[in-house]
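Q: First, the structure itself, so that you have it in front of you.
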Amino acid sequence: MANPLVQIIELLSKEKGVDPQIIIEALQDAVETAARKRFKNENMRARFNSETGQMELVAVKRIVETVTEPATEMSLEEARGLYGEEAEVDMEVEFPRPTEDLGRIAAQTAKQVIFQKVREAERDNIFAEFNDRIGEVVNGIVKRFENGDIIVEVGRLEALLSRKEQSRAESYSPQDRIRAVIRRVNKNAKGPQLELSRTDPALLIKLFEQEVPEIYDGTVLIRGAVREAGDRAKVAVYSRERDVDPVGACVGMKGTRVQAIIRELRGEKIDIVEYSDDPTTFVINALSPARVQRVSIVSEDERIMEVVVEDRQLSLAIGKKGQNVRLAAKLTGWRIDIKSEEEKRREVEAQFDGDRKSTRLNSSH
């Protein structure tokens, strides 16, 4: 029959997923702390005896030539009287002390210390387990709401989906299932350590990997993804094989693949565009669904491009509140200056008139 203390240690260790050694050390600390209050001035040491399953407590005295602190020192002469010639200066001698009357205080302290140590160890375990999984998608269940933040149960853990990491298009109720990206793992936060996101582009990328076999097997690569969560997203894809159409693979037969992702993101519009190494081609693709007439690079160094579209394509190219051009710029890394044919014509005429004026002025001098 195992000693009750051994059973407690094993139980705690299993339940909390904590190394038994950590619990034993916490117990030793607790007994020592309680013992110091009870046996003042003595140098106390607690030890867990794994054979008997008992906590043992000893007062430690150091052997010295001349005693100045009787509670922690013993003279060489006295030591030799007790232990014979083997006693040397600086050796330590231990005297057992009773642990019974420490029971209550030690139990109280042990409870606090163990609780704290177990919590620390749990946090370390969570950190170790999830820190390598940042950017992964996890499934959880909505547990409760706190000031606009959502507390999500992920396995045995509570995770935080803060208000700013939630998509505007979404609302949840307790017990709803939810998929989110692990954004970061905190080591010392008071509340949940795991921070999740539904707005991170990584969520979009993972959903494409799950829905599109060609992305999962590496035939089609995602070269970039940008989102304004709940409204619109753009994804740039590229095929390693000539005969695989990357955009078609992502859209799926009759749009089935992309529709599944749009449903998961509660109706967020997704533009899938083909990536190109050529910046002008990439910008033209990125402005989809708008059709571009022509593109010119204004500044290679500052990465500025001028794009001209048909008059009736202008509002589509710019998008609602500038969203289409903003996402295209973010996806391509170029500043995009959009003009309609009409605007461009007026600009060229104004410049032409200006040039004519200056030519006339020069010739009259």
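Ordering of the structure tokens sets the chain letters (A, B, ...), residue numbers begin anew at 1 in every chain, and ligands are numbered from 1 in the order given.
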Taking 3 positions as the minimum chain separation for residues in the same chain, which residues sit within 7 Å of Asp271 (chain A) when counting only C-alpha atoms? Answer as a PDB file with N, CA and C atoms, in the first residue's frame.
A:
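Ended up saving to part.pdb:
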```
ATOM      1  N   ALA A 233     -10.447  39.971 -48.975  1.00  0.00           N
ATOM      2  CA  ALA A 233      -9.068  39.472 -48.903  1.00  0.00           C
ATOM      3  C   ALA A 233      -8.544  39.271 -50.316  1.00  0.00           C
ATOM      4  N   LYS A 234      -7.232  39.291 -50.442  1.00  0.00           N
ATOM      5  CA  LYS A 234      -6.599  38.947 -51.724  1.00  0.00           C
ATOM      6  C   LYS A 234      -5.504  37.926 -51.450  1.00  0.00           C
ATOM      7  N   VAL A 235      -5.448  36.928 -52.320  1.00  0.00           N
ATOM      8  CA  VAL A 235      -4.443  35.877 -52.177  1.00  0.00           C
ATOM      9  C   VAL A 235      -3.721  35.731 -53.507  1.00  0.00           C
TER      10      VAL A 235
END
```
Q: Can you tell me, as a PDB file with N, CA and C atoms, in the first residue's frame, what residues are no more than 6 Å from Ala59 (chain A) when counting only C-alpha atoms, ignoring any on the same chain fewer than 2 positions away?
A:
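The file below, selection_7.pdb, is the result:
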```
ATOM      1  N   ASN A  43      19.264  26.174  11.138  1.00  0.00           N
ATOM      2  CA  ASN A  43      19.357  26.012   9.692  1.00  0.00           C
ATOM      3  C   ASN A  43      18.618  24.726   9.314  1.00  0.00           C
ATOM      4  N   MET A  44      17.380  24.883   8.820  1.00  0.00           N
ATOM      5  CA  MET A  44      16.529  23.715   8.596  1.00  0.00           C
ATOM      6  C   MET A  44      16.649  23.181   7.166  1.00  0.00           C
ATOM      7  N   GLU A  94      23.872  16.711  10.889  1.00  0.00           N
ATOM      8  CA  GLU A  94      22.418  16.863  10.855  1.00  0.00           C
ATOM      9  C   GLU A  94      21.775  16.283  12.111  1.00  0.00           C
ATOM     10  N   PHE A  95      20.780  17.002  12.652  1.00  0.00           N
ATOM     11  CA  PHE A  95      20.025  16.527  13.816  1.00  0.00           C
ATOM     12  C   PHE A  95      18.556  16.437  13.430  1.00  0.00           C
TER      13      PHE A  95
END
```
Q: Using only C-alpha atoms for the distances, tell me which of A:Ser50, A:Gln108, A:Val18, A:Ala79 is nearest to Thr66 (chain A).
A: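 Checking each of A:Ser50, A:Gln108, A:Val18, A:Ala79 against Thr66 (chain A), counting only C-alpha atoms, the winner is A:Ala79.
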Q: Check the DSSP output for the backbone and give back, as a compact mmCIF listing (two decimals) with N, CA and C atoms, in the first residue's frame, the residues of region 198-316 of chain A in strand (DSSP E or B).
A:
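Result saved to part.txt:
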```txt
# COMPACT_ATOMS: atom_id res chain seq x y z
N VAL A 220 0.87 24.11 -55.95
CA VAL A 220 0.51 25.53 -56.00
C VAL A 220 1.00 26.19 -54.72
N LEU A 221 1.67 27.34 -54.88
CA LEU A 221 2.21 28.05 -53.72
C LEU A 221 1.43 29.34 -53.49
N ILE A 222 1.23 29.66 -52.21
CA ILE A 222 0.64 30.97 -51.88
C ILE A 222 1.81 31.93 -51.69
N ARG A 223 1.84 32.98 -52.52
CA ARG A 223 2.98 33.91 -52.46
C ARG A 223 2.66 35.15 -51.62
N GLY A 224 1.44 35.22 -51.13
CA GLY A 224 1.08 36.37 -50.30
C GLY A 224 -0.41 36.35 -50.02
N ALA A 225 -0.81 36.86 -48.87
CA ALA A 225 -2.24 36.96 -48.55
C ALA A 225 -2.43 38.19 -47.68
N VAL A 226 -3.42 39.00 -48.03
CA VAL A 226 -3.74 40.19 -47.24
C VAL A 226 -5.25 40.20 -47.00
N ARG A 227 -5.63 40.78 -45.85
CA ARG A 227 -7.06 40.78 -45.50
C ARG A 227 -7.48 42.07 -44.84
N GLU A 228 -8.71 42.44 -45.09
CA GLU A 228 -9.39 43.35 -44.18
C GLU A 228 -10.53 42.49 -43.67
N ARG A 232 -12.92 41.79 -47.11
CA ARG A 232 -12.30 41.36 -48.35
C ARG A 232 -10.87 40.89 -48.12
N ALA A 233 -10.45 39.97 -48.98
CA ALA A 233 -9.07 39.47 -48.90
C ALA A 233 -8.54 39.27 -50.32
N LYS A 234 -7.23 39.29 -50.44
CA LYS A 234 -6.60 38.95 -51.72
C LYS A 234 -5.50 37.93 -51.45
N VAL A 235 -5.45 36.93 -52.32
CA VAL A 235 -4.44 35.88 -52.18
C VAL A 235 -3.72 35.73 -53.51
N ALA A 236 -2.38 35.77 -53.45
CA ALA A 236 -1.59 35.60 -54.67
C ALA A 236 -1.08 34.16 -54.72
N VAL A 237 -1.37 33.48 -55.84
CA VAL A 237 -0.97 32.07 -55.96
C VAL A 237 -0.12 31.87 -57.21
N TYR A 238 0.64 30.80 -57.18
CA TYR A 238 1.62 30.57 -58.23
C TYR A 238 1.73 29.06 -58.42
N SER A 239 1.83 28.61 -59.67
CA SER A 239 1.90 27.17 -59.90
C SER A 239 3.31 26.76 -60.31
N LYS A 269 -15.19 38.47 -48.86
CA LYS A 269 -14.93 38.29 -50.30
C LYS A 269 -13.45 37.94 -50.49
N ILE A 270 -13.18 36.99 -51.38
CA ILE A 270 -11.78 36.61 -51.60
C ILE A 270 -11.43 36.72 -53.07
N ASP A 271 -10.43 37.54 -53.38
CA ASP A 271 -9.92 37.60 -54.76
C ASP A 271 -8.69 36.72 -54.83
N ILE A 272 -8.72 35.76 -55.77
CA ILE A 272 -7.54 34.91 -55.95
C ILE A 272 -6.85 35.38 -57.21
N VAL A 273 -5.61 35.81 -57.09
CA VAL A 273 -4.91 36.36 -58.26
C VAL A 273 -3.62 35.60 -58.50
N GLU A 274 -3.17 35.62 -59.75
CA GLU A 274 -1.95 34.89 -60.07
C GLU A 274 -0.74 35.76 -59.77
N ARG A 294 -3.44 50.22 -68.90
CA ARG A 294 -1.97 50.20 -68.97
C ARG A 294 -1.34 50.60 -67.63
N VAL A 295 -0.09 50.23 -67.50
CA VAL A 295 0.64 50.45 -66.25
C VAL A 295 1.99 51.05 -66.59
N SER A 296 2.43 52.01 -65.79
CA SER A 296 3.82 52.46 -65.96
C SER A 296 4.45 52.65 -64.59
N ILE A 297 5.75 52.35 -64.54
CA ILE A 297 6.46 52.51 -63.27
C ILE A 297 6.91 53.95 -63.15
N VAL A 298 6.44 54.62 -62.11
CA VAL A 298 6.79 56.03 -61.88
C VAL A 298 8.15 56.11 -61.21
N SER A 299 8.36 55.27 -60.18
CA SER A 299 9.65 55.26 -59.48
C SER A 299 9.97 53.85 -59.02
N ILE A 304 6.63 53.04 -56.90
CA ILE A 304 5.35 53.70 -57.21
C ILE A 304 4.98 53.36 -58.65
N MET A 305 3.72 53.01 -58.87
CA MET A 305 3.23 52.69 -60.21
C MET A 305 2.00 53.50 -60.53
N GLU A 306 1.89 53.87 -61.80
CA GLU A 306 0.67 54.56 -62.25
C GLU A 306 -0.14 53.57 -63.07
N VAL A 307 -1.42 53.47 -62.75
CA VAL A 307 -2.30 52.52 -63.44
C VAL A 307 -3.44 53.29 -64.07
N VAL A 308 -3.69 53.03 -65.37
CA VAL A 308 -4.80 53.70 -66.04
C VAL A 308 -5.87 52.66 -66.36
N VAL A 309 -7.13 53.01 -66.01
CA VAL A 309 -8.25 52.09 -66.29
C VAL A 309 -9.32 52.84 -67.07
```
Q: From the list A:Val64, A:Glu56, A:Phe145, A:Asn285, which residue is nearest Arg97 (chain A) when using only C-alpha atoms?
A: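 Checking each candidate against Arg97 (chain A), we get A:Glu56 as the closest.
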Q: Give me, as JSON, numbers by chain, the residues of region 6-188 of chain A that a backbone DSSP run labels helix (DSSP H, G or I).
A: {"A": [6, 7, 8, 9, 10, 11, 12, 13, 14, 15, 16, 20, 21, 22, 23, 24, 25, 26, 27, 28, 29, 30, 31, 32, 33, 34, 35, 36, 37, 38, 76, 77, 78, 79, 80, 81, 82, 83, 84, 85, 86, 100, 101, 102, 103, 104, 105, 106, 107, 108, 109, 110, 111, 112, 113, 114, 115, 116, 117, 118, 119, 120, 121, 122, 123, 124, 125, 126, 127, 128, 129, 130, 131, 132, 133, 163, 164, 165]}
Q: For Arg168 (chain A), find every residue with an atom within 12 Å (counting only C-alpha atoms), except residues of its own chain fewer than 4 positions away, and show them as a ChimeraX atom specification.
A: /A:148,163-164,172,198-199,228-232,265-268
Q: Report as a list in words all protein, DNA and RNA residues lying within 9 Å of Ile126 (chain A), evaluated on only C-alpha atoms, omitting residues in the same chain fewer than 5 positions from it.
A: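 The filter keeps Ala121, Asn131, Leu157, Val185, Lys187, Gln193 and Leu194 of chain A.
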Q: Could those residues be written to a file, using N, CA and C atoms, as a PDB file, in the first residue's frame?
A:
```pdb
ATOM      1  N   ALA A 121       4.673  25.432 -13.502  1.00  0.00           N
ATOM      2  CA  ALA A 121       5.058  24.305 -14.350  1.00  0.00           C
ATOM      3  C   ALA A 121       4.063  24.135 -15.502  1.00  0.00           C
ATOM      4  N   ASN A 131       4.558  27.248 -28.240  1.00  0.00           N
ATOM      5  CA  ASN A 131       5.413  28.279 -28.816  1.00  0.00           C
ATOM      6  C   ASN A 131       5.897  27.887 -30.214  1.00  0.00           C
ATOM      7  N   LEU A 157      -7.239  23.764 -22.390  1.00  0.00           N
ATOM      8  CA  LEU A 157      -6.797  25.134 -22.125  1.00  0.00           C
ATOM      9  C   LEU A 157      -7.855  26.170 -22.418  1.00  0.00           C
ATOM     10  N   VAL A 185       2.059  33.189 -27.659  1.00  0.00           N
ATOM     11  CA  VAL A 185       1.944  32.454 -26.398  1.00  0.00           C
ATOM     12  C   VAL A 185       2.673  33.285 -25.348  1.00  0.00           C
ATOM     13  N   LYS A 187       4.217  33.830 -21.574  1.00  0.00           N
ATOM     14  CA  LYS A 187       4.743  32.991 -20.511  1.00  0.00           C
ATOM     15  C   LYS A 187       4.186  33.412 -19.156  1.00  0.00           C
ATOM     16  N   GLN A 193      -2.936  32.075 -21.608  1.00  0.00           N
ATOM     17  CA  GLN A 193      -1.624  32.329 -22.212  1.00  0.00           C
ATOM     18  C   GLN A 193      -1.685  32.331 -23.722  1.00  0.00           C
ATOM     19  N   LEU A 194      -2.692  31.620 -24.240  1.00  0.00           N
ATOM     20  CA  LEU A 194      -2.768  31.440 -25.678  1.00  0.00           C
ATOM     21  C   LEU A 194      -3.600  32.563 -26.273  1.00  0.00           C
TER      22      LEU A 194
END
```
Q: Report, in Å to a single decimal, how far apart CA of Ile261 (chain A) and CA of Glu165 (chain A) are.
A: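 Separating CA of Glu165 (chain A) from CA of Ile261 (chain A) is a distance of 18.2 Å.
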Q: Check the smallest atom-to-atom distance from each of A:Lys111, A:Lys206, A:Arg45, A:Arg156 to Glu136 (chain A) using only C-alpha atoms, then report the winner.
A: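 For Glu136 (chain A), the nearest of the candidates is A:Lys206.
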Q: Take CA of Glu195 (chain A) and CA of Arg183 (chain A) and report the distance between them in Å, one decimal.
A: 5.5 Å
Q: So which residues touch Phe39 (chain A) within 12 Å, counting only C-alpha atoms, skipping near sequence neighbours fewer than 2 positions away, as a PyMOL selection string?
A: chain A and resi 31-37+41-45+57-60+71-72+97-99+101-102
Q: Output the selection as a PDB file, in the first residue's frame - N, CA, C and O atoms for each residue.
A:
```
ATOM      1  N   VAL A  31       7.791  22.633   3.838  1.00  0.00           N
ATOM      2  CA  VAL A  31       8.159  22.136   5.170  1.00  0.00           C
ATOM      3  C   VAL A  31       9.287  22.991   5.754  1.00  0.00           C
ATOM      4  O   VAL A  31       9.267  23.365   6.934  1.00  0.00           O
ATOM      5  N   GLU A  32      10.262  23.325   4.920  1.00  0.00           N
ATOM      6  CA  GLU A  32      11.370  24.178   5.407  1.00  0.00           C
ATOM      7  C   GLU A  32      10.854  25.534   5.875  1.00  0.00           C
ATOM      8  O   GLU A  32      11.258  26.045   6.910  1.00  0.00           O
ATOM      9  N   THR A  33       9.955  26.131   5.075  1.00  0.00           N
ATOM     10  CA  THR A  33       9.409  27.450   5.437  1.00  0.00           C
ATOM     11  C   THR A  33       8.690  27.369   6.783  1.00  0.00           C
ATOM     12  O   THR A  33       8.893  28.217   7.662  1.00  0.00           O
ATOM     13  N   ALA A  34       7.861  26.342   6.939  1.00  0.00           N
ATOM     14  CA  ALA A  34       7.122  26.189   8.200  1.00  0.00           C
ATOM     15  C   ALA A  34       8.089  25.922   9.350  1.00  0.00           C
ATOM     16  O   ALA A  34       7.926  26.445  10.462  1.00  0.00           O
ATOM     17  N   ALA A  35       9.119  25.115   9.082  1.00  0.00           N
ATOM     18  CA  ALA A  35      10.086  24.753  10.130  1.00  0.00           C
ATOM     19  C   ALA A  35      10.865  25.979  10.601  1.00  0.00           C
ATOM     20  O   ALA A  35      11.173  26.115  11.785  1.00  0.00           O
ATOM     21  N   ARG A  36      11.158  26.895   9.688  1.00  0.00           N
ATOM     22  CA  ARG A  36      11.921  28.085  10.083  1.00  0.00           C
ATOM     23  C   ARG A  36      11.125  28.940  11.062  1.00  0.00           C
ATOM     24  O   ARG A  36      11.691  29.584  11.932  1.00  0.00           O
ATOM     25  N   LYS A  37       9.803  28.943  10.877  1.00  0.00           N
ATOM     26  CA  LYS A  37       8.966  29.717  11.806  1.00  0.00           C
ATOM     27  C   LYS A  37       8.953  29.038  13.177  1.00  0.00           C
ATOM     28  O   LYS A  37       8.897  29.675  14.209  1.00  0.00           O
ATOM     29  N   ASN A  41      16.073  30.491  14.093  1.00  0.00           N
ATOM     30  CA  ASN A  41      17.542  30.577  14.074  1.00  0.00           C
ATOM     31  C   ASN A  41      18.243  29.304  13.588  1.00  0.00           C
ATOM     32  O   ASN A  41      19.418  29.332  13.249  1.00  0.00           O
ATOM     33  N   GLU A  42      17.568  28.171  13.612  1.00  0.00           N
ATOM     34  CA  GLU A  42      18.257  26.951  13.178  1.00  0.00           C
ATOM     35  C   GLU A  42      18.258  26.877  11.650  1.00  0.00           C
ATOM     36  O   GLU A  42      17.379  27.418  10.985  1.00  0.00           O
ATOM     37  N   ASN A  43      19.264  26.174  11.138  1.00  0.00           N
ATOM     38  CA  ASN A  43      19.357  26.012   9.692  1.00  0.00           C
ATOM     39  C   ASN A  43      18.618  24.726   9.314  1.00  0.00           C
ATOM     40  O   ASN A  43      19.141  23.631   9.479  1.00  0.00           O
ATOM     41  N   MET A  44      17.380  24.883   8.820  1.00  0.00           N
ATOM     42  CA  MET A  44      16.529  23.715   8.596  1.00  0.00           C
ATOM     43  C   MET A  44      16.649  23.181   7.166  1.00  0.00           C
ATOM     44  O   MET A  44      16.803  23.943   6.221  1.00  0.00           O
ATOM     45  N   ARG A  45      16.562  21.852   7.064  1.00  0.00           N
ATOM     46  CA  ARG A  45      16.566  21.246   5.733  1.00  0.00           C
ATOM     47  C   ARG A  45      15.520  20.131   5.705  1.00  0.00           C
ATOM     48  O   ARG A  45      15.501  19.298   6.606  1.00  0.00           O
ATOM     49  N   LEU A  57      12.881  16.023   8.450  1.00  0.00           N
ATOM     50  CA  LEU A  57      13.356  17.373   8.718  1.00  0.00           C
ATOM     51  C   LEU A  57      14.592  17.288   9.595  1.00  0.00           C
ATOM     52  O   LEU A  57      14.617  16.539  10.568  1.00  0.00           O
ATOM     53  N   VAL A  58      15.642  18.025   9.229  1.00  0.00           N
ATOM     54  CA  VAL A  58      16.858  18.031  10.054  1.00  0.00           C
ATOM     55  C   VAL A  58      17.323  19.467  10.269  1.00  0.00           C
ATOM     56  O   VAL A  58      17.070  20.339   9.437  1.00  0.00           O
ATOM     57  N   ALA A  59      17.974  19.659  11.414  1.00  0.00           N
ATOM     58  CA  ALA A  59      18.647  20.935  11.643  1.00  0.00           C
ATOM     59  C   ALA A  59      20.109  20.691  11.277  1.00  0.00           C
ATOM     60  O   ALA A  59      20.699  19.679  11.676  1.00  0.00           O
ATOM     61  N   VAL A  60      20.689  21.592  10.510  1.00  0.00           N
ATOM     62  CA  VAL A  60      22.074  21.398  10.044  1.00  0.00           C
ATOM     63  C   VAL A  60      23.002  22.316  10.833  1.00  0.00           C
ATOM     64  O   VAL A  60      22.726  23.513  10.987  1.00  0.00           O
ATOM     65  N   ALA A  71      23.153  28.080  17.375  1.00  0.00           N
ATOM     66  CA  ALA A  71      22.027  27.432  16.700  1.00  0.00           C
ATOM     67  C   ALA A  71      22.458  26.744  15.409  1.00  0.00           C
ATOM     68  O   ALA A  71      21.845  25.768  14.984  1.00  0.00           O
ATOM     69  N   THR A  72      23.536  27.254  14.761  1.00  0.00           N
ATOM     70  CA  THR A  72      23.906  26.692  13.452  1.00  0.00           C
ATOM     71  C   THR A  72      25.338  26.164  13.430  1.00  0.00           C
ATOM     72  O   THR A  72      25.799  25.690  12.391  1.00  0.00           O
ATOM     73  N   ARG A  97      14.654  16.563  13.426  1.00  0.00           N
ATOM     74  CA  ARG A  97      13.675  17.365  14.158  1.00  0.00           C
ATOM     75  C   ARG A  97      12.297  16.754  13.879  1.00  0.00           C
ATOM     76  O   ARG A  97      12.064  16.249  12.783  1.00  0.00           O
ATOM     77  N   PRO A  98      11.390  16.857  14.838  1.00  0.00           N
ATOM     78  CA  PRO A  98      10.060  16.267  14.616  1.00  0.00           C
ATOM     79  C   PRO A  98       9.281  17.067  13.563  1.00  0.00           C
ATOM     80  O   PRO A  98       9.377  18.286  13.529  1.00  0.00           O
ATOM     81  N   THR A  99       8.543  16.352  12.720  1.00  0.00           N
ATOM     82  CA  THR A  99       7.735  17.064  11.705  1.00  0.00           C
ATOM     83  C   THR A  99       6.267  17.112  12.104  1.00  0.00           C
ATOM     84  O   THR A  99       5.496  17.846  11.514  1.00  0.00           O
ATOM     85  N   ASP A 101       4.409  18.327  14.644  1.00  0.00           N
ATOM     86  CA  ASP A 101       3.736  19.571  15.003  1.00  0.00           C
ATOM     87  C   ASP A 101       3.837  20.639  13.902  1.00  0.00           C
ATOM     88  O   ASP A 101       3.275  21.706  14.015  1.00  0.00           O
ATOM     89  N   LEU A 102       4.562  20.307  12.838  1.00  0.00           N
ATOM     90  CA  LEU A 102       4.614  21.248  11.721  1.00  0.00           C
ATOM     91  C   LEU A 102       3.443  20.985  10.783  1.00  0.00           C
ATOM     92  O   LEU A 102       3.165  21.758   9.885  1.00  0.00           O
TER      93      LEU A 102
END
```
Q: Expressed in Å to a single decimal, how great is the separation between CA of Gly354 (chain A) and CA of Asp337 (chain A)?
A: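 According to the coordinates, CA of Gly354 (chain A) and CA of Asp337 (chain A) are separated by 22.3 Å.
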Q: Looking at only C-alpha atoms, which of A:Thr52, A:Val138, A:Val118, A:Ile336 is the one that sits closest to Val154 (chain A)?
A: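 Selected residue with least distance to Val154 (chain A): A:Val138.
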Q: So, counting only C-alpha atoms, which residue among A:Leu12, A:Val348, A:Ile262, A:Met74 is closest to Glu211 (chain A)?
A: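 Between A:Leu12, A:Val348, A:Ile262, A:Met74, the residue approaching Glu211 (chain A) most closely is A:Ile262.
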